[in-house]
Every structure is written in structure tokens, then in C-alpha cells.
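Everything below belongs to run-v9.pdb, which stores PDB, C-alpha atoms.
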ATOM      1  CA  MET O   4      66.280 114.575 150.258
ATOM      2  CA  VAL O   5      64.211 115.146 147.123
ATOM      3  CA  CYS O   6      65.984 118.452 146.501
ATOM      4  CA  ILE O   7      69.348 116.724 146.758
ATOM      5  CA  LEU O   8      68.287 114.062 144.268
ATOM      6  CA  ILE O   9      66.987 116.707 141.852
ATOM      7  CA  LEU O  10      70.214 118.700 142.174
ATOM      8  CA  ALA O  11      72.295 115.562 141.611
ATOM      9  CA  ALA O  12      70.238 114.613 138.549
ATOM     10  CA  ALA O  13      70.511 118.131 137.129
ATOM     11  CA  SER O  14      74.275 118.165 137.731
ATOM     12  CA  GLY O  15      74.651 114.788 136.052
ATOM     13  CA  ALA O  16      72.622 115.897 133.061
ATOM     14  CA  ALA O  17      74.649 119.085 132.761
ATOM     15  CA  ALA O  18      77.875 117.083 132.899
ATOM     16  CA  ILE O  19      76.634 114.752 130.149
ATOM     17  CA  VAL O  20      75.605 117.655 127.927
ATOM     18  CA  PHE O  21      78.929 119.397 128.512
ATOM     19  CA  GLY O  22      80.862 116.214 127.751
ATOM     20  CA  LEU O  23      78.862 115.644 124.561
ATOM     21  CA  ARG O  24      79.417 119.235 123.416
ATOM     22  CA  LEU O  25      83.144 118.933 124.117
ATOM     23  CA  TRP O  26      83.305 115.681 122.141
ATOM     24  CA  LEU O  27      81.544 117.310 119.195
ATOM     25  CA  VAL O  28      83.847 120.353 119.304
ATOM     26  CA  LEU O  29      86.939 118.125 119.256
ATOM     27  CA  ARG O  30      85.559 115.861 116.520
ATOM     28  CA  MET O  31      84.502 118.620 114.111
ATOM     29  CA  ALA O  32      87.759 120.238 112.988
ATOM     30  CA  ASN O  33      86.718 121.330 109.496
ATOM     31  CA  THR O  34      86.769 125.059 108.787
ATOM     32  CA  VAL O  35      85.101 127.131 106.106
ATOM     33  CA  SER O  36      87.447 128.383 103.378
ATOM     34  CA  ARG O  37      88.159 132.100 103.748
ATOM     35  CA  GLU O  38      90.639 134.724 102.605
ATOM     36  CA  SER O  39      92.155 135.250 106.042
ATOM     37  CA  LEU O  40      92.307 133.491 109.391
ATOM     38  CA  SER O  41      92.645 135.213 112.729
ATOM     39  CA  VAL O  42      95.373 133.328 114.583
ATOM     40  CA  LEU O  43      96.205 133.416 118.268
ATOM     41  CA  VAL O  44      99.822 132.458 118.982
ATOM     42  CA  VAL O  45     100.868 131.439 122.493
ATOM     43  CA  ALA O  46     104.473 132.406 123.157
ATOM     44  CA  GLY O  47     106.491 131.131 126.092
ATOM     45  CA  SER O  48     109.804 132.412 127.329
ATOM     46  CA  GLY O  49     113.168 131.553 125.780
ATOM     47  CA  GLY O  50     113.203 128.633 123.362
ATOM     48  CA  HIS O  51     109.435 128.284 123.111
ATOM     49  CA  THR O  52     109.108 131.801 121.732
ATOM     50  CA  MET O  53     111.884 131.320 119.174
ATOM     51  CA  GLU O  54     110.358 128.041 117.960
ATOM     52  CA  ILE O  55     106.838 129.425 117.598
ATOM     53  CA  LEU O  56     108.095 132.538 115.792
ATOM     54  CA  ARG O  57     109.982 130.376 113.284
ATOM     55  CA  LEU O  58     106.752 128.520 112.659
ATOM     56  CA  VAL O  59     104.722 131.737 112.295
ATOM     57  CA  GLY O  60     107.383 132.979 109.872
ATOM     58  CA  SER O  61     106.485 130.130 107.524
ATOM     59  CA  LEU O  62     102.820 131.156 107.426
ATOM     60  CA  SER O  63     101.433 133.386 104.696
ATOM     61  CA  SER O  64     100.004 136.838 105.324
ATOM     62  CA  ALA O  65      96.543 135.264 105.108
ATOM     63  CA  TYR O  66      96.992 134.321 108.767
ATOM     64  CA  SER O  67      95.994 137.744 109.975
ATOM     65  CA  PRO O  68      95.424 139.453 112.285
ATOM     66  CA  ARG O  69      97.897 137.741 114.599
ATOM     67  CA  HIS O  70      97.331 137.866 118.339
ATOM     68  CA  TYR O  71     100.260 136.918 120.570
ATOM     69  CA  ILE O  72      99.732 135.761 124.145
ATOM     70  CA  ILE O  73     102.587 136.076 126.650
ATOM     71  CA  ALA O  74     102.799 135.753 130.429
ATOM     72  CA  ASP O  75     102.751 138.962 132.422
ATOM     73  CA  THR O  76     106.116 138.060 133.979
ATOM     74  CA  ASP O  77     107.748 137.439 130.590
ATOM     75  CA  LYS O  78     110.287 140.241 130.062
ATOM     76  CA  MET O  79     111.727 139.180 126.688
ATOM     77  CA  SER O  80     109.039 137.782 124.391
ATOM     78  CA  ALA O  81     107.368 141.106 123.572
ATOM     79  CA  SER O  82     110.578 142.566 122.146
ATOM     80  CA  LYS O  83     111.240 139.359 120.173
ATOM     81  CA  ILE O  84     107.734 139.470 118.700
ATOM     82  CA  ASN O  85     108.030 143.144 117.782
ATOM     83  CA  SER O  86     111.395 142.526 116.093
ATOM     84  CA  PHE O  87     109.995 139.507 114.251
ATOM     85  CA  GLU O  88     106.987 141.435 112.920
ATOM     86  CA  LEU O  89     109.160 144.400 111.890
ATOM     87  CA  ASP O  90     111.593 142.139 110.017
ATOM     88  CA  ARG O  91     108.685 140.344 108.353
ATOM     89  CA  ALA O  92     107.194 143.646 107.176
ATOM     90  CA  GLU O  93     110.546 144.794 105.774
ATOM     91  CA  ARG O  94     111.065 141.530 103.868
ATOM     92  CA  ASP O  95     107.535 141.455 102.502
ATOM     93  CA  PRO O  96     106.228 145.036 101.999
ATOM     94  CA  PRO O  97     102.620 143.976 101.272
ATOM     95  CA  THR O  98     102.395 142.782 104.881
ATOM     96  CA  THR O  99     103.423 146.160 106.303
ATOM     97  CA  TYR O 100      99.838 146.939 107.224
ATOM     98  CA  THR O 101      99.225 143.477 108.672
ATOM     99  CA  LYS O 102      97.926 143.892 112.174
ATOM    100  CA  TYR O 103      99.298 142.089 115.182
ATOM    101  CA  HIS O 104      98.562 142.480 118.868
ATOM    102  CA  ILE O 105     100.331 141.391 122.043
ATOM    103  CA  HIS O 106      98.243 140.404 125.049
ATOM    104  CA  ARG O 107      99.384 139.459 128.545
ATOM    105  CA  ILE O 108      97.801 137.028 130.986
ATOM    106  CA  PRO O 109      98.958 135.740 134.400
ATOM    107  CA  ARG O 110     101.522 132.948 134.129
ATOM    108  CA  SER O 111     100.045 129.499 134.772
ATOM    109  CA  ARG O 112     103.120 128.008 136.355
ATOM    110  CA  GLU O 113     106.557 129.301 137.237
ATOM    111  CA  VAL O 114     109.642 127.103 137.064
ATOM    112  CA  GLN O 115     109.842 124.827 140.142
ATOM    113  CA  GLN O 116     106.425 125.999 141.352
ATOM    114  CA  SER O 117     104.591 123.439 143.498
ATOM    115  CA  TRP O 118     101.796 121.420 141.908
ATOM    116  CA  LEU O 119      99.172 122.611 144.386
ATOM    117  CA  SER O 120      99.867 126.286 143.826
ATOM    118  CA  SER O 121     100.086 125.618 140.072
ATOM    119  CA  VAL O 122      96.427 124.579 140.090
ATOM    120  CA  LEU O 123      95.469 127.888 141.679
ATOM    121  CA  THR O 124      97.563 130.003 139.301
ATOM    122  CA  THR O 125      96.212 128.078 136.302
ATOM    123  CA  VAL O 126      92.647 128.759 137.438
ATOM    124  CA  GLN O 127      93.572 132.438 137.778
ATOM    125  CA  ALA O 128      95.085 132.465 134.276
ATOM    126  CA  THR O 129      91.949 130.800 132.890
ATOM    127  CA  TRP O 130      89.772 133.425 134.573
ATOM    128  CA  PHE O 131      91.730 136.170 132.818
ATOM    129  CA  SER O 132      91.949 134.299 129.514
ATOM    130  CA  PHE O 133      88.265 133.689 128.834
ATOM    131  CA  PRO O 134      87.263 137.384 128.432
ATOM    132  CA  LEU O 135      90.272 137.820 126.142
ATOM    133  CA  LEU O 136      89.280 134.859 123.945
ATOM    134  CA  LEU O 137      85.691 136.078 123.969
ATOM    135  CA  ARG O 138      86.845 139.446 122.637
ATOM    136  CA  VAL O 139      89.390 138.189 120.091
ATOM    137  CA  LYS O 140      87.426 135.121 118.868
ATOM    138  CA  PRO O 141      90.336 133.630 116.874
ATOM    139  CA  ASP O 142      89.870 131.064 114.136
ATOM    140  CA  LEU O 143      93.041 129.224 115.099
ATOM    141  CA  VAL O 144      95.148 128.762 118.243
ATOM    142  CA  LEU O 145      98.802 127.880 117.673
ATOM    143  CA  CYS O 146     100.952 126.751 120.609
ATOM    144  CA  ASN O 147     104.038 124.683 121.333
ATOM    145  CA  GLY O 148     104.215 123.868 125.008
ATOM    146  CA  PRO O 149     104.540 126.780 127.442
ATOM    147  CA  GLY O 150     102.281 126.486 130.483
ATOM    148  CA  THR O 151     100.446 129.606 129.346
ATOM    149  CA  CYS O 152      98.876 127.624 126.505
ATOM    150  CA  VAL O 153      96.820 125.381 128.816
ATOM    151  CA  PRO O 154      94.292 128.015 130.001
ATOM    152  CA  ILE O 155      94.193 129.533 126.506
ATOM    153  CA  CYS O 156      93.315 126.194 124.890
ATOM    154  CA  VAL O 157      90.749 125.408 127.577
ATOM    155  CA  CYS O 158      89.041 128.751 126.966
ATOM    156  CA  ALA O 159      89.179 128.210 123.201
ATOM    157  CA  LEU O 160      87.361 124.909 123.673
ATOM    158  CA  LEU O 161      84.788 126.583 125.909
ATOM    159  CA  LEU O 162      83.943 129.023 123.117
ATOM    160  CA  GLY O 163      82.995 126.025 121.002
ATOM    161  CA  VAL O 164      81.183 124.201 123.807
ATOM    162  CA  PHE O 165      79.051 127.282 124.487
ATOM    163  CA  GLY O 166      78.337 127.709 120.774
ATOM    164  CA  ILE O 167      80.102 131.079 120.543
ATOM    165  CA  LYS O 168      82.885 130.310 118.069
ATOM    166  CA  LYS O 169      84.549 127.156 116.760
ATOM    167  CA  VAL O 170      88.295 127.550 117.331
ATOM    168  CA  ILE O 171      90.792 125.073 115.878
ATOM    169  CA  ILE O 172      93.648 124.197 118.257
ATOM    170  CA  VAL O 173      96.995 123.159 116.756
ATOM    171  CA  TYR O 174      99.611 122.006 119.252
ATOM    172  CA  ILE O 175     103.211 121.496 118.118
ATOM    173  CA  GLU O 176     105.377 119.680 120.649
ATOM    174  CA  SER O 177     108.769 121.308 121.129
ATOM    175  CA  ILE O 178     111.696 119.962 119.103
ATOM    176  CA  CYS O 179     113.401 119.328 122.457
ATOM    177  CA  ARG O 180     110.879 116.619 123.259
ATOM    178  CA  VAL O 181     112.334 113.488 121.667
ATOM    179  CA  GLU O 182     110.840 110.573 123.644
ATOM    180  CA  THR O 183     108.402 112.062 126.167
ATOM    181  CA  LEU O 184     105.737 114.763 126.010
ATOM    182  CA  SER O 185     105.943 117.947 128.020
ATOM    183  CA  LEU O 186     103.437 118.464 130.832
ATOM    184  CA  SER O 187     101.425 120.798 128.592
ATOM    185  CA  GLY O 188     101.546 118.190 125.845
ATOM    186  CA  LYS O 189     100.213 115.481 128.144
ATOM    187  CA  ILE O 190      97.338 117.746 129.184
ATOM    188  CA  LEU O 191      96.446 118.933 125.684
ATOM    189  CA  PHE O 192      97.045 115.715 123.728
ATOM    190  CA  ARG O 193      93.329 114.885 123.752
ATOM    191  CA  LEU O 194      92.162 118.499 123.848
ATOM    192  CA  SER O 195      93.683 119.707 120.592
ATOM    193  CA  HIS O 196      92.400 119.147 117.074
ATOM    194  CA  TYR O 197      95.874 118.580 115.625
ATOM    195  CA  PHE O 198      98.730 117.398 117.828
ATOM    196  CA  ILE O 199     102.047 117.536 115.958
ATOM    197  CA  VAL O 200     105.269 115.851 117.087
ATOM    198  CA  GLN O 201     108.713 116.282 115.550
ATOM    199  CA  TRP O 202     110.339 112.947 116.384
ATOM    200  CA  PRO O 203     109.342 109.442 115.207
ATOM    201  CA  ALA O 204     109.725 108.041 118.740
ATOM    202  CA  LEU O 205     106.840 110.205 119.911
ATOM    203  CA  LYS O 206     104.720 109.180 116.950
ATOM    204  CA  GLU O 207     105.243 105.543 117.937
ATOM    205  CA  LYS O 208     104.161 106.232 121.520
ATOM    206  CA  TYR O 209     101.240 108.429 120.492
ATOM    207  CA  PRO O 210      99.802 107.027 117.221
ATOM    208  CA  LYS O 211      97.069 109.669 117.067
ATOM    209  CA  SER O 212      99.652 112.440 116.823
ATOM    210  CA  VAL O 213     100.794 113.885 113.495
ATOM    211  CA  TYR O 214     104.448 113.448 112.530
ATOM    212  CA  LEU O 215     105.755 115.850 109.872
ATOM    213  CA  GLY O 216     109.435 115.660 110.663
ATOM    214  CA  ARG O 217     111.234 118.712 111.982
ATOM    215  CA  ILE O 218     109.142 121.797 111.270
ATOM    216  CA  VAL O 219     110.761 124.432 113.520
TER     217      VAL O 219
END
Translate the structure of the given file into C-alpha cells.
Amino acid sequence: MVCILILAAASGAAAIVFGLRLWLVLRMANTVSRESLSVLVVAGSGGHTMEILRLVGSLSSAYSPRHYIIADTDKMSASKINSFELDRAERDPPTTYTKYHIHRIPRSREVQQSWLSSVLTTVQATWFSFPLLLRVKPDLVLCNGPGTCVPICVCALLLGVFGIKKVIIVYIESICRVETLSLSGKILFRLSHYFIVQWPALKEKYPKSVYLGRIV
């Protein structure tokens, strides 16, 4: 009985410490000024990839190196990213040597996948994502709604909770979301440092979000 009480007390204390660390990581979003920022971009399939690439195209070459995350079942995004980076280098020669990398992780959730199995596949994706984030240690995570971004953002937060690296998470809700958030948006609304919406109706529903008009 005593052992159970000690274990329960230790678990409770650990949960409190973890919660406090997570709160501090989410509250402290300031970054040190530097010449370049390593950015990790989460690309989905189809429209999500096109939207995030338009956004990355508006960033300066200071956001380098760029690490792109795609699902292992995504057959199109890699070619779109390669074409985007090649076009960018041709338009702006000084960025020719800018490094970018494409990484693959298991997909968190397939279209029409059941909720129960989605939990299992998301846990699997998180398991694969943490060593990747630990190796890359980005300064910034940029995502716009694909399910793949959930385990990536969770692992980015864990780097901060464990005191390894403070990673700023910027979530941009898809332009297609006019009145309601996507499932990823609902999950990450309170787990991102900057949550950007592109329609005033969403800003009214979620006052803590940032409304900048249409940005992609």
C-alpha cells in the first residue's frame, strides 16, 4: 500500500513538473536575433503542400537550412518541393547554395481512417518523429494543417520541455477553413506559439488567434 502511495505521489509530481515546463515553453516565445533560422516545414498532400510552399516562397534566404517533412505514403510532395527549391534558386542566384532536406515519417492519419486506429498511427508517427527533431533541432516549425504536423509539433514541444532546444511553432490554418478549424487546428490551437487564421470569422470564434488576412 505504501509503495502504491509513493508511486502515485511521484507520478503526480512528475505530471505537475511536466505541465509547468510545458506552460513555460508555450509562454516564452521570444527568440534571440540571429543571421539565419533553421526552419522545419510540414508539408501535406495536395493543397496543403501548395499553400505551405507559397508561404515559404515569401520568406527570405535567412530561413535556412529548410527541412521539409512529408508522409511516407505521399507520392507527390517531394517532387513539388524539389521543383520549388530549384525555381527559387534560379530566380535568386545567391540562394543556389541554400541547403534543404526532405524527411519522411509515417502518416498520422489516412483519409477516412477510424479514430481508434488514428491514435495508434499517430503514436507511431510521434515515435519516429522525436529522433528526427532531436537530430535536426530546428529553430522554427511551420505548418498549416496536415495530420503529419501533430506529432511533429508535439515532439518540438518536448524538446523545450526537456530543456534540449526551444522551438517556436507557427501554425497557419488553411485558407479553406472559413468558419471552423481543421482537426489539426483544434488539437494545436493551444500548443502553438502563434496560431494564424485567414478569415475574420475564425478570429471572432478564437480571439487568441492572429488574423493577418489572406497570406497564402
Using all atoms listed in the file, which residues sit within 12 Å of His104 of chain O once same-chain residues fewer than 5 positions away are excluded, as a PDB file with C-alpha atoms, keeping the file's coordinate frame?
ATOM      1  CA  SER O  41      92.645 135.213 112.729  1.00  0.00           C
ATOM      2  CA  VAL O  42      95.373 133.328 114.583  1.00  0.00           C
ATOM      3  CA  LEU O  43      96.205 133.416 118.268  1.00  0.00           C
ATOM      4  CA  VAL O  44      99.822 132.458 118.982  1.00  0.00           C
ATOM      5  CA  VAL O  45     100.868 131.439 122.493  1.00  0.00           C
ATOM      6  CA  SER O  67      95.994 137.744 109.975  1.00  0.00           C
ATOM      7  CA  PRO O  68      95.424 139.453 112.285  1.00  0.00           C
ATOM      8  CA  ARG O  69      97.897 137.741 114.599  1.00  0.00           C
ATOM      9  CA  HIS O  70      97.331 137.866 118.339  1.00  0.00           C
ATOM     10  CA  TYR O  71     100.260 136.918 120.570  1.00  0.00           C
ATOM     11  CA  ILE O  72      99.732 135.761 124.145  1.00  0.00           C
ATOM     12  CA  ILE O  73     102.587 136.076 126.650  1.00  0.00           C
ATOM     13  CA  ALA O  81     107.368 141.106 123.572  1.00  0.00           C
ATOM     14  CA  ILE O  84     107.734 139.470 118.700  1.00  0.00           C
ATOM     15  CA  ASN O  85     108.030 143.144 117.782  1.00  0.00           C
ATOM     16  CA  GLU O  88     106.987 141.435 112.920  1.00  0.00           C
ATOM     17  CA  LEU O 135      90.272 137.820 126.142  1.00  0.00           C
ATOM     18  CA  VAL O 139      89.390 138.189 120.091  1.00  0.00           C
TER      19      VAL O 139
END
With segment 199-209 of chain O as the partner and 12 Å as the cut-off, tabulate the residues of segment 114-159 of chain O that qualify, each row holding the nearest pair of atoms and their distance in Å to one decimal, using all atoms listed in the file, sorted by chain and rising number, as JSON lines.
{"residue": "O:Leu145", "atom": "CA", "partner": "O:Ile199", "partner_atom": "CA", "distance": 11.0}
{"residue": "O:Cys146", "atom": "CA", "partner": "O:Ile199", "partner_atom": "CA", "distance": 10.4}
{"residue": "O:Asn147", "atom": "CA", "partner": "O:Ile199", "partner_atom": "CA", "distance": 9.2}
{"residue": "O:Gly148", "atom": "CA", "partner": "O:Ile199", "partner_atom": "CA", "distance": 11.3}
| said: Around (101.5, 126.6, 125.8), as given in the file, which residues come within 12 Å? Count all atoms listed in the file and list them as a PyMOL selection string. | reply: chain O and resi 43-48+51-52+54-55+71-74+110-112+125+144-157+172-177+185-192+195
| task | Enumerate, as a list of chain:residue names, the residues matched when the PyMOL selection byres ((chain O and resi 219) around 8) is run on the file above. | result |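 When the PyMOL selection byres ((chain O and resi 219) around 8) is applied, the selected residues are O:Glu54, O:Ile55, O:Arg57, O:Leu58, O:Ile178, O:Arg217, O:Ile218.
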| said: Just want the 12 Å neighbourhood of Arg138 of chain O, counted on all atoms listed in the file, with same-chain residues fewer than 6 positions away dropped. Output as a PyMOL selection string. | reply: chain O and resi 43+70+106+131-132+158-159+162+167-168
Got time to write the residues from that selection, C-alpha atoms, as a short mmCIF file (atom, residue, chain, number, x, y, z; two decimals), in the frame of the given file?
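Heads up, here's the output in part_9.cif:
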data_model
loop_
_atom_site.label_atom_id
_atom_site.label_comp_id
_atom_site.auth_asym_id
_atom_site.auth_seq_id
_atom_site.Cartn_x
_atom_site.Cartn_y
_atom_site.Cartn_z
CA LEU O 43 96.20 133.42 118.27
CA HIS O 70 97.33 137.87 118.34
CA HIS O 106 98.24 140.40 125.05
CA PHE O 131 91.73 136.17 132.82
CA SER O 132 91.95 134.30 129.51
CA CYS O 158 89.04 128.75 126.97
CA ALA O 159 89.18 128.21 123.20
CA LEU O 162 83.94 129.02 123.12
CA ILE O 167 80.10 131.08 120.54
CA LYS O 168 82.88 130.31 118.07
#
Which centre and edge lengths in Å to one decimal define the box along x, y and z that fits every listed atom of segment 49-65 of chain O plus 8 Å per side, as JSON?
{"center_x": 104.9, "center_y": 132.4, "center_z": 115.2, "size_x": 32.7, "size_y": 24.8, "size_z": 37.1}
